[in-house]
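Q: Just dropping this structure here.
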Amino acid sequence: MLIAKPGLDGHDRGAKVVARALRDAGMEVEAAIQEDVDAIGLSSLSGAHMTLFPEVVRLLKKRKSGDIVVVGGGIIPEDDVPKLKRAGVKAVFGPGTPLSVIVSFFEKADKGA
């Protein structure tokens with residue numbers, strides 16, 4: 001599991017909280033292709049999610065790592081969620097999403113659900 005803040009967005013509290021919750025649930029939070037991660041969680045509060053999140057998905061596919069699950073979080077308008085999903089982002093977790101929901105998503109994904 002890799003949790004990342006793409007772009008110049010310096011707001012990292014939420015990403016750190018989610019990373020700790022996933023770590024505490026027994027998931028490793030490491031670095032992507034070299035470490036053969038199962039998922040990447042991207043966080044954006046800057047409004048650049050429609051550019052940055054699909055670009056990460058595109059670059060993973062280009063590097064033959066399109067099987068890595070990409071999820072997003074942060075301040076993302078509801079209207080953008082379906083667009084992000086069409087671009088390959090598997091889930092979007094907004095502010096206030098219970099950590100148990102995020103952990104459960106990854107546990108299910110790990111089991112192939």
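Residues in the structure tokens are named by chain (A, B, ... in the order shown) and by number from 1 within that chain; ligands are numbered from 1 in the order shown.
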For Asp38 in chain A, please output as JSON, numbers by chain all residues within 7 Å (counting only C-alpha atoms; exclusion window: fewer than 3 positions along the same chain).
A: {"A": [1, 68, 69]}
Q: Please return, as a list in words, all residues of range 12-105 of chain A that DSSP assigns to strand (DSSP E) on the basis of the backbone.
A: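 Answer for range 12-105 of chain A restricted to strand (DSSP E) is Ala39, Ile40, Gly41, Leu42, Ser43, Ser44, Val69, Val70, Val71, Gly72, Gly73, Gly74, Ala91, Val92 and Phe93 of chain A.
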Q: The selected residues should be written to file as an mmCIF file, in the first residue's frame (atoms: C-alpha atoms).
A:
```
data_model
loop_
_atom_site.group_PDB
_atom_site.id
_atom_site.type_symbol
_atom_site.label_atom_id
_atom_site.label_comp_id
_atom_site.auth_asym_id
_atom_site.auth_seq_id
_atom_site.Cartn_x
_atom_site.Cartn_y
_atom_site.Cartn_z
ATOM 1 C CA ALA A 39 -2.763 -0.317 -4.127
ATOM 2 C CA ILE A 40 -2.023 3.390 -4.223
ATOM 3 C CA GLY A 41 -4.093 5.879 -2.263
ATOM 4 C CA LEU A 42 -3.915 9.430 -3.585
ATOM 5 C CA SER A 43 -5.031 12.458 -1.600
ATOM 6 C CA SER A 44 -5.780 15.885 -3.007
ATOM 7 C CA VAL A 69 -5.580 -0.469 -7.433
ATOM 8 C CA VAL A 70 -5.731 3.336 -7.330
ATOM 9 C CA VAL A 71 -8.092 5.101 -4.927
ATOM 10 C CA GLY A 72 -8.544 8.774 -4.193
ATOM 11 C CA GLY A 73 -9.446 10.945 -1.269
ATOM 12 C CA GLY A 74 -9.651 14.542 -0.230
ATOM 13 C CA ALA A 91 -12.901 4.268 -5.123
ATOM 14 C CA VAL A 92 -13.065 7.792 -3.771
ATOM 15 C CA PHE A 93 -13.189 8.501 -0.035
#
```
Q: I'd like the contact shell of Arg86 in chain A - 12 Å cut-off, only C-alpha atoms, skipping same-chain residues fewer than 3 positions apart - returned as JSON, numbers by chain.
A: {"A": [50, 53, 54, 57, 80, 81, 82, 83, 89, 90, 91, 92]}
Q: Grab the residues selected above and save them as a JSON list (two decimals), in the first residue's frame with C-alpha atoms.
A:
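Once written, part35.json looks like this:
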```
[["chain", "number", "residue", "atom", "x", "y", "z"],
["A", 50, "MET", "CA", -9.07, 15.40, -12.22],
["A", 53, "PHE", "CA", -5.36, 10.91, -10.38],
["A", 54, "PRO", "CA", -6.03, 9.81, -14.00],
["A", 57, "VAL", "CA", -3.52, 5.46, -13.52],
["A", 80, "ASP", "CA", -16.17, 14.27, -10.30],
["A", 81, "VAL", "CA", -16.40, 10.82, -8.66],
["A", 82, "PRO", "CA", -17.97, 9.00, -11.67],
["A", 83, "LYS", "CA", -15.43, 10.64, -14.00],
["A", 89, "VAL", "CA", -9.78, 5.19, -9.93],
["A", 90, "LYS", "CA", -11.47, 2.31, -8.07],
["A", 91, "ALA", "CA", -12.90, 4.27, -5.12],
["A", 92, "VAL", "CA", -13.06, 7.79, -3.77]]
```
Q: Between CA of Val37 in chain A and CA of Ile76 in chain A, what is the spacing in Å?
A: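 If I compute the distance from CA of Ile76 in chain A to CA of Val37 in chain A, I get 24.4 Å.
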Q: Which distance in Å separates CA of Ile75 in chain A and CA of Ser46 in chain A, to one decimal?
A: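 Answer for the CA of Ile75 in chain A to CA of Ser46 in chain A separation: 7.8 Å.
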Q: Taking only C-alpha atoms into account, name the residue in A:Leu60, A:Gly66, A:Ala21, A:Pro77 that is nearest to Leu45 in chain A.
A: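 Smallest distance to Leu45 in chain A is found for A:Pro77.
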Q: If you measure from CA of Pro95 in chain A to CA of Ser65 in chain A, what distance in Å do you get, rounded to one decimal?
A: 28.2 Å
Q: Taking only C-alpha atoms into account, which of A:Asp110, A:Asp79, A:Val18, A:Leu84 comes nearest Thr51 in chain A?
A: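 Closest residue, counting only C-alpha atoms: A:Leu84.
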